[in-house]
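A.B. asks: Handing you a structure now.
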Amino acid sequence: MADSGFFREVWDIVARVPAGKVVSYGQIAARLGSPRAARTVGWAMATAPRRLGLPCHRVVTSSGRLVPGWETQRDELEAEGVTFKSNGCVDMAKHQWDGKRVGKAGRGPANRLKAKAGAGMRGS
DNA sequence: ATACTGACTGTGC
DNA sequence: CGCACAGCCAGTA
């Protein structure tokens, strides 16, 4: 894989996400070795050719929020058995794809991940 | 080769 | 609790 690079891997991972599960952009990026490349991952989805049949509706943000401007996405996930919270967010704590690594569920605000403190230190 | 964009993320206030 | 700012990676123009 990786014949083309990052994108190919992103699509590959997304295509491997089982129904009823969701994965966050950051999780995919981290899987590729670049936890900060979440944007690139989202971009890969945005430019992902539909002919690939990518279940982009299974990709959500770290907050469990669905893609902004997407109305059918929630319906698609529900059809797969994904449950939602009252606020309209996916119950990622329950459906976030383990990514073949069980025990990693809840990597984000939901878990108060305080890794690397100098991550977004805006000190310009 | 350079610049810009893009469906994110984590902190800061 | 909500809004804003800055950093990151890769592909297209």
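Identifiers in this document derive from the order of the structure tokens: chains are assigned A, B, ..., residues are numbered from 1 separately in each chain, and ligands are numbered from 1 in order of occurrence.
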Do me a favour and pick out the residues of chain A within 7 Å of chain B, using only C-alpha atoms (C1' of nucleotides), as a list in words.
C.D. replies: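 Listing them in order of chain and number gives Tyr25, Ala38, Arg39, Gly42, Trp43, Met45, Ala46, Val67, Gly120 and Met121 of chain A.
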A.B. asks: Using only C-alpha atoms (C1' of nucleotides), find the residues of chain C whose closest atom to chain A is at most 6 Å away, then write them as a ChimeraX atom specification.
C.D. replies: /C:6,8-9
A.B. asks: In Å, how far is it from CA of Lys85 in chain A to CA of Ile13 in chain A?
C.D. replies: 25.2 Å
A.B. asks: CA of Gly53 in chain A and CA of Val14 in chain A, how far apart in Å?
C.D. replies: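 These atoms are spaced 10.0 Å apart.
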A.B. asks: Hey, can you check how far CA of Glu78 in chain A sits from CA of Val22 in chain A?
C.D. replies: 11.2 Å
